[in-house]
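Everything on this sheet refers to the single structure shown next.
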Amino acid sequence: MASTRAKPTLPLLLALVTVVIPGPGDAQVSIHPREAFLPQGGSVQVNCSSSCKEDLSLGLETQWLKDELESGPNWKLFELSEIGEDSSPLCFENCGTVQSSASATITVYSFPESVELRPLPAWQQVGKDLTLRCHVDGGAPRTQLSAVLLRGEEILSRQPVGGHPKDPKEITFTVLAGRGDHGANFSCRTELDLRPQGLALFSNVSEARSLRTFDLPATIPKLDTPDLLEVGTQQKLFCSLEGLFPASEARIYLELGGQMPTQESTNSSDSVSATALVEVTEEFDRTLPLRCVLELADQILETQRTLTVYNFSAPVLTLSQLEVSEGSQVTVKCEAHSGSKVVLLSGVEPRPPTPQVQFTLNASSEDHKRSFFCSAALEVAGKFLFKNQTLELHVLYGPRLDETDCLGNWTWQEGSQQTLKCQAWGNPSPKMTCRRKADGALLPIGVVKSVKQEMNGTYVCHAFSSHGNVTRNVYLTVLYHSQNNWTIIILVPVLLVIVGLVMAASYVYNRQRKIRIYKLQKAQEEAIKLKGQAPPP
């Protein structure tokens, strides 16, 4: 909206100057004032006078209303009123046959009738030039009238208005829009500077207009969702965009198959996102277009993707019996559905995929808790999807008890702590007892805190279950203290005999060695004597 101001009532400024124009007999005509500065619509008194002494005719030419207030032999006083613009009234005289004149300058000032900042764009992109237009109607003198662009109270630019006061004038300003300009108020202010004429600086401000700026990244919204949707599942659809401004005023939404699912949008400082949870049903088309749309200002960014809906049931894996006795036959079968095919069944050599695969086995103890694995594949939109099933076979078999499970010979020291490790295995888990053959005494299986001499003997360990039984002999020898003493009595003499024999052998060896050395020395002495008695040659 434009801002208007009532016309002021300000003092009239006059400059009294006498203009002398030579005429016959040195006649002179003058006008007072020579210059006048007054508000638009004001009035001024003009005095025309002459020095002519002969036939004098004196008058005033002007475009404004005039009244002759007073007159004398060679002067007249006029009042000009409703002066609307700059003009030059003219005093003239006819002195005899000679004409002469003198003019004055009237300058009119006025405030602009209105100043308006033209409407701003609904949105302005950050980093782009923004042109603002200030419309000024009226105002004079234009040489002393300026237009100022304001952001809040901050002066951004100032330009002279120029032109004729009767012609409306539009002054343009260009600024570079930034994020900081979002929500800022812009306005135009006119300044009529009459200080050179001894008055003041008069201003008038337009109504402010608010600017909204926006900024978008070079990327498009990012869709984070699988390309394949399986019937019977709940899928999360997620779309986001970062680096936009102002994120709080952006709108982002997801559209699936032309419909908007229930969704939640989130706006943070510089990012937005939309999340939807979709229940995939048989009613969905096999292909669905997914759109993510972001709207900010007058801009729309969009990402599209085509999703494929498929129905894929897991393969059916069956065992003719989940629990069987050892030696029974079990049929293992895997069957695929929904156009898928079996690609793998454990226990079967690899073969080309077929809708069904099966085989039969004779259950043994090694098959107990054996897992059978079946995998089916389905091709969807050029991708192979897999689903698996697993079953476990339970085989019932009798107890097992061998050397690794229960050692046959044990030797324990009387009074020591020992552990009897004898454990049978089977399905169901067998029970086991160990009893001495001689009297049926029970030997505890597990930790024996104190071994006693009377535990010595041969034991029969018996493992049994609903599927059979098995036995194993265990021989336990207990070393008690009296046995230890006899052992020492026997060992000491044996050791003494051995030591004596060693010492005797050493004595004999050393004596024979000394005799040999003695005999050798005697032989050497006899040889030297014989050599000394021999005659010279």
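By convention here, the chains of the structure tokens are called A, B, ... in the order presented, each chain's residues are numbered starting at 1, and ligands are numbered starting at 1 in the order presented.
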
| task | May I have the residues within 12 Å of Phe37 of chain A as a ChimeraX atom specification, using only C-alpha atoms and disregarding those fewer than 2 positions away in the same chain? | result | /A:10-16,33-35,39-44,83,85-88,104-110,140-141,194,196-199

Now that the selection is made, can you save its residues with N, CA, C and O atoms as a compact mmCIF listing (two decimals), in the first residue's frame?
# COMPACT_ATOMS: atom_id res chain seq x y z
N LEU A 10 4.46 25.59 5.27
CA LEU A 10 5.83 25.96 5.58
C LEU A 10 6.07 27.42 5.19
O LEU A 10 5.35 27.99 4.36
N PRO A 11 7.07 28.04 5.78
CA PRO A 11 7.33 29.46 5.49
C PRO A 11 7.74 29.67 4.05
O PRO A 11 8.32 28.81 3.41
N LEU A 12 7.42 30.82 3.56
CA LEU A 12 7.78 31.25 2.21
C LEU A 12 9.15 31.88 2.25
O LEU A 12 9.45 32.73 3.10
N LEU A 13 10.02 31.43 1.36
CA LEU A 13 11.38 31.97 1.30
C LEU A 13 11.48 32.89 0.10
O LEU A 13 11.17 32.48 -1.03
N LEU A 14 11.88 34.16 0.33
CA LEU A 14 11.96 35.15 -0.74
C LEU A 14 13.37 35.68 -0.85
O LEU A 14 14.06 35.86 0.16
N ALA A 15 13.75 35.94 -2.05
CA ALA A 15 15.03 36.62 -2.29
C ALA A 15 14.73 37.91 -3.05
O ALA A 15 14.20 37.85 -4.17
N LEU A 16 14.94 39.05 -2.45
CA LEU A 16 14.59 40.34 -3.05
C LEU A 16 15.77 40.82 -3.89
O LEU A 16 16.85 41.11 -3.38
N PRO A 33 9.77 39.64 -5.10
CA PRO A 33 11.16 39.17 -4.96
C PRO A 33 11.67 38.60 -6.28
O PRO A 33 10.89 38.26 -7.15
N ARG A 34 12.94 38.46 -6.36
CA ARG A 34 13.54 37.90 -7.57
C ARG A 34 13.40 36.37 -7.57
O ARG A 34 13.23 35.76 -8.60
N GLU A 35 13.51 35.75 -6.36
CA GLU A 35 13.36 34.30 -6.21
C GLU A 35 12.43 34.02 -5.04
O GLU A 35 12.46 34.74 -4.03
N PRO A 39 5.68 26.25 -0.63
CA PRO A 39 5.02 24.96 -0.80
C PRO A 39 4.01 25.00 -1.93
O PRO A 39 3.48 26.06 -2.28
N GLN A 40 3.75 23.84 -2.49
CA GLN A 40 2.79 23.73 -3.57
C GLN A 40 1.41 24.22 -3.08
O GLN A 40 0.97 23.89 -1.98
N GLY A 41 0.76 25.08 -3.95
CA GLY A 41 -0.54 25.64 -3.60
C GLY A 41 -0.46 26.91 -2.76
O GLY A 41 -1.50 27.46 -2.39
N GLY A 42 0.76 27.33 -2.49
CA GLY A 42 0.93 28.53 -1.68
C GLY A 42 0.75 29.81 -2.50
O GLY A 42 0.40 29.78 -3.69
N SER A 43 1.00 30.95 -1.85
CA SER A 43 0.86 32.26 -2.51
C SER A 43 2.07 33.12 -2.21
O SER A 43 2.80 32.87 -1.25
N VAL A 44 2.26 34.17 -3.03
CA VAL A 44 3.39 35.07 -2.87
C VAL A 44 2.99 36.46 -3.40
O VAL A 44 2.19 36.56 -4.33
N ILE A 83 -0.32 28.53 -6.39
CA ILE A 83 0.82 28.25 -7.28
C ILE A 83 1.09 26.75 -7.22
O ILE A 83 1.37 26.19 -6.15
N GLU A 85 3.24 24.84 -9.45
CA GLU A 85 4.51 24.31 -9.92
C GLU A 85 5.49 25.44 -10.14
O GLU A 85 5.15 26.62 -10.00
N ASP A 86 6.71 25.06 -10.48
CA ASP A 86 7.73 26.06 -10.73
C ASP A 86 7.30 26.96 -11.88
O ASP A 86 6.75 26.49 -12.89
N SER A 87 7.56 28.25 -11.73
CA SER A 87 7.17 29.19 -12.79
C SER A 87 8.03 30.46 -12.70
O SER A 87 8.80 30.63 -11.75
N SER A 88 7.86 31.34 -13.71
CA SER A 88 8.63 32.60 -13.77
C SER A 88 7.68 33.75 -14.09
O SER A 88 7.44 34.07 -15.28
N ALA A 104 10.93 36.89 -12.28
CA ALA A 104 11.33 36.25 -11.02
C ALA A 104 11.22 34.73 -11.18
O ALA A 104 10.57 34.21 -12.09
N THR A 105 11.86 33.98 -10.28
CA THR A 105 11.82 32.50 -10.29
C THR A 105 11.10 32.02 -9.04
O THR A 105 11.51 32.34 -7.91
N ILE A 106 10.04 31.28 -9.28
CA ILE A 106 9.30 30.68 -8.16
C ILE A 106 9.53 29.18 -8.20
O ILE A 106 9.25 28.51 -9.21
N THR A 107 10.07 28.65 -7.10
CA THR A 107 10.30 27.20 -6.97
C THR A 107 9.31 26.64 -5.96
O THR A 107 9.21 27.15 -4.83
N VAL A 108 8.59 25.62 -6.39
CA VAL A 108 7.57 25.00 -5.54
C VAL A 108 8.12 23.67 -4.98
O VAL A 108 8.75 22.90 -5.69
N TYR A 109 7.89 23.42 -3.72
CA TYR A 109 8.25 22.11 -3.14
C TYR A 109 7.00 21.45 -2.59
O TYR A 109 6.04 22.11 -2.17
N SER A 110 7.08 20.08 -2.62
CA SER A 110 5.94 19.31 -2.11
C SER A 110 6.41 17.92 -1.73
O SER A 110 7.37 17.39 -2.30
N ALA A 140 8.47 17.30 -4.93
CA ALA A 140 9.25 18.31 -5.63
C ALA A 140 10.04 19.12 -4.60
O ALA A 140 9.62 19.25 -3.44
N PRO A 141 11.17 19.68 -5.01
CA PRO A 141 11.81 19.49 -6.32
C PRO A 141 12.48 18.13 -6.40
O PRO A 141 13.03 17.66 -5.42
N LEU A 194 15.44 19.61 2.25
CA LEU A 194 15.29 21.07 2.08
C LEU A 194 16.24 21.83 3.00
O LEU A 194 16.03 23.03 3.25
N PRO A 196 19.27 22.77 2.35
CA PRO A 196 19.95 23.89 1.67
C PRO A 196 19.13 25.18 1.69
O PRO A 196 19.68 26.28 1.59
N GLN A 197 17.81 25.06 1.79
CA GLN A 197 16.95 26.23 1.84
C GLN A 197 16.64 26.63 3.29
O GLN A 197 15.73 27.45 3.53
N GLY A 198 17.39 26.05 4.22
CA GLY A 198 17.21 26.41 5.61
C GLY A 198 16.08 25.67 6.29
O GLY A 198 15.75 26.00 7.45
N LEU A 199 15.50 24.68 5.62
CA LEU A 199 14.44 23.90 6.24
C LEU A 199 15.03 22.57 6.77
O LEU A 199 16.18 22.54 7.17

Phe92 of chain A: which residues within 9 Å, counting only C-alpha atoms, same-chain residues fewer than 6 positions away excluded, as an mmCIF file with all heavy atoms, in the first residue's frame?
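Dumped to around-v4.cif:
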data_model
loop_
_atom_site.group_PDB
_atom_site.id
_atom_site.type_symbol
_atom_site.label_atom_id
_atom_site.label_comp_id
_atom_site.auth_asym_id
_atom_site.auth_seq_id
_atom_site.Cartn_x
_atom_site.Cartn_y
_atom_site.Cartn_z
ATOM 1 N N VAL A 29 12.787 48.901 -14.815
ATOM 2 C CA VAL A 29 11.689 48.121 -14.279
ATOM 3 C C VAL A 29 12.297 47.052 -13.370
ATOM 4 O O VAL A 29 13.347 46.494 -13.668
ATOM 5 C CB VAL A 29 10.852 47.472 -15.394
ATOM 6 C CG1 VAL A 29 11.661 46.482 -16.204
ATOM 7 C CG2 VAL A 29 9.632 46.782 -14.809
ATOM 8 N N SER A 30 11.656 46.797 -12.251
ATOM 9 C CA SER A 30 12.181 45.801 -11.288
ATOM 10 C C SER A 30 11.027 44.982 -10.731
ATOM 11 O O SER A 30 9.859 45.397 -10.785
ATOM 12 C CB SER A 30 12.952 46.504 -10.161
ATOM 13 O OG SER A 30 12.084 47.398 -9.457
ATOM 14 N N CYS A 48 5.956 45.055 -8.693
ATOM 15 C CA CYS A 48 6.555 45.504 -9.948
ATOM 16 C C CYS A 48 6.699 47.039 -9.856
ATOM 17 O O CYS A 48 5.720 47.744 -9.536
ATOM 18 C CB CYS A 48 5.674 45.147 -11.149
ATOM 19 S SG CYS A 48 5.551 43.356 -11.426
ATOM 20 N N SER A 57 2.936 52.448 -18.502
ATOM 21 C CA SER A 57 1.944 51.361 -18.352
ATOM 22 C C SER A 57 2.670 50.180 -17.721
ATOM 23 O O SER A 57 3.631 49.663 -18.278
ATOM 24 C CB SER A 57 1.377 50.969 -19.723
ATOM 25 O OG SER A 57 0.539 49.845 -19.584
ATOM 26 N N LEU A 58 2.242 49.685 -16.518
ATOM 27 C CA LEU A 58 2.957 48.671 -15.728
ATOM 28 C C LEU A 58 2.025 47.486 -15.447
ATOM 29 O O LEU A 58 0.844 47.689 -15.117
ATOM 30 C CB LEU A 58 3.421 49.271 -14.395
ATOM 31 C CG LEU A 58 4.408 48.456 -13.566
ATOM 32 C CD1 LEU A 58 5.710 48.231 -14.325
ATOM 33 C CD2 LEU A 58 4.672 49.184 -12.242
ATOM 34 N N GLY A 59 2.545 46.246 -15.622
ATOM 35 C CA GLY A 59 1.697 45.054 -15.381
ATOM 36 C C GLY A 59 2.513 43.816 -15.026
ATOM 37 O O GLY A 59 3.748 43.845 -15.008
ATOM 38 N N LEU A 60 1.824 42.657 -14.766
ATOM 39 C CA LEU A 60 2.457 41.389 -14.374
ATOM 40 C C LEU A 60 1.813 40.256 -15.177
ATOM 41 O O LEU A 60 0.595 40.072 -15.159
ATOM 42 C CB LEU A 60 2.263 41.124 -12.872
ATOM 43 C CG LEU A 60 2.830 39.786 -12.352
ATOM 44 C CD1 LEU A 60 4.347 39.736 -12.483
ATOM 45 C CD2 LEU A 60 2.388 39.557 -10.907
ATOM 46 N N GLU A 61 2.674 39.477 -15.812
ATOM 47 C CA GLU A 61 2.197 38.302 -16.553
ATOM 48 C C GLU A 61 2.505 37.031 -15.743
ATOM 49 O O GLU A 61 3.634 36.819 -15.320
ATOM 50 C CB GLU A 61 2.887 38.212 -17.917
ATOM 51 C CG GLU A 61 2.423 39.235 -18.921
ATOM 52 C CD GLU A 61 3.028 39.008 -20.290
ATOM 53 O OE1 GLU A 61 3.783 37.991 -20.436
ATOM 54 O OE2 GLU A 61 2.766 39.798 -21.199
ATOM 55 N N GLN A 99 9.342 49.180 -24.559
ATOM 56 C CA GLN A 99 8.893 48.133 -23.635
ATOM 57 C C GLN A 99 10.107 47.483 -22.943
ATOM 58 O O GLN A 99 11.163 47.319 -23.554
ATOM 59 C CB GLN A 99 8.119 47.038 -24.369
ATOM 60 C CG GLN A 99 6.807 47.492 -24.972
ATOM 61 C CD GLN A 99 6.068 46.341 -25.646
ATOM 62 O OE1 GLN A 99 6.657 45.323 -25.958
ATOM 63 N NE2 GLN A 99 4.765 46.535 -25.893
ATOM 64 N N SER A 100 9.903 47.114 -21.708
ATOM 65 C CA SER A 100 10.959 46.413 -20.959
ATOM 66 C C SER A 100 10.282 45.482 -19.945
ATOM 67 O O SER A 100 9.084 45.630 -19.639
ATOM 68 C CB SER A 100 11.887 47.399 -20.261
ATOM 69 O OG SER A 100 11.164 48.198 -19.337
ATOM 70 N N SER A 101 11.044 44.526 -19.406
ATOM 71 C CA SER A 101 10.461 43.563 -18.466
ATOM 72 C C SER A 101 11.530 43.037 -17.494
ATOM 73 O O SER A 101 12.728 43.189 -17.745
ATOM 74 C CB SER A 101 9.836 42.381 -19.216
ATOM 75 O OG SER A 101 10.844 41.671 -19.938
ATOM 76 N N ALA A 102 11.042 42.391 -16.455
ATOM 77 C CA ALA A 102 11.912 41.735 -15.462
ATOM 78 C C ALA A 102 11.147 40.516 -14.931
ATOM 79 O O ALA A 102 9.937 40.590 -14.713
ATOM 80 C CB ALA A 102 12.275 42.689 -14.342
ATOM 81 N N SER A 103 11.829 39.395 -14.743
ATOM 82 C CA SER A 103 11.159 38.163 -14.295
ATOM 83 C C SER A 103 11.724 37.681 -12.968
ATOM 84 O O SER A 103 12.859 38.021 -12.598
ATOM 85 C CB SER A 103 11.314 37.058 -15.346
ATOM 86 O OG SER A 103 12.688 36.723 -15.498
#

| message | So that I can check the surroundings of Asn456 of chain A, please list as a ChimeraX atom specification every protein, DNA and RNA residue that reaches within 8 Å of it, counting only C-alpha atoms and ignoring chain neighbours fewer than 6 positions away. | response | /A:476-478

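Of the residues under consideration (A:Val205, A:Val451, A:Leu317, A:Ala441), A:Leu317 shows the shortest atom-to-atom contact distance to Glu392 of chain A when counting only C-alpha atoms.
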
| request: May I ask for the distance between atom CA of Ile220 of chain A and atom CA of Leu120 of chain A, given in Å to one decimal place? | output: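 We find that atom CA of Ile220 of chain A and atom CA of Leu120 of chain A lie 27.6 Å from each other.
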
| said: Calculated over only C-alpha atoms, which of the candidates A:Val348, A:Ala297, A:Ala147, A:Ala363 has the smallest distance to Glu323 of chain A? | reply: A:Ala363

| said: Give me, as a VMD selection string, all polymer residues having an atom no more than 12 Å from Lys383 of chain A, counting only C-alpha atoms and skipping those fewer than 6 positions away in the same chain. | reply: chain A and resid 227 to 228 308 310 377

| message | Let me make sure I understand: among A:Cys134, A:Ala208, A:Val309, A:Val293, which one has the smallest atom-to-atom distance to Ser240 of chain A if we use only C-alpha atoms? | response |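 Closest to Ser240 of chain A, using only C-alpha atoms: A:Val293.
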
| atom CA of Phe214 of chain A and atom CA of Trp123 of chain A, how far apart in Å? |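 According to the coordinates, atom CA of Trp123 of chain A and atom CA of Phe214 of chain A are separated by 6.8 Å.
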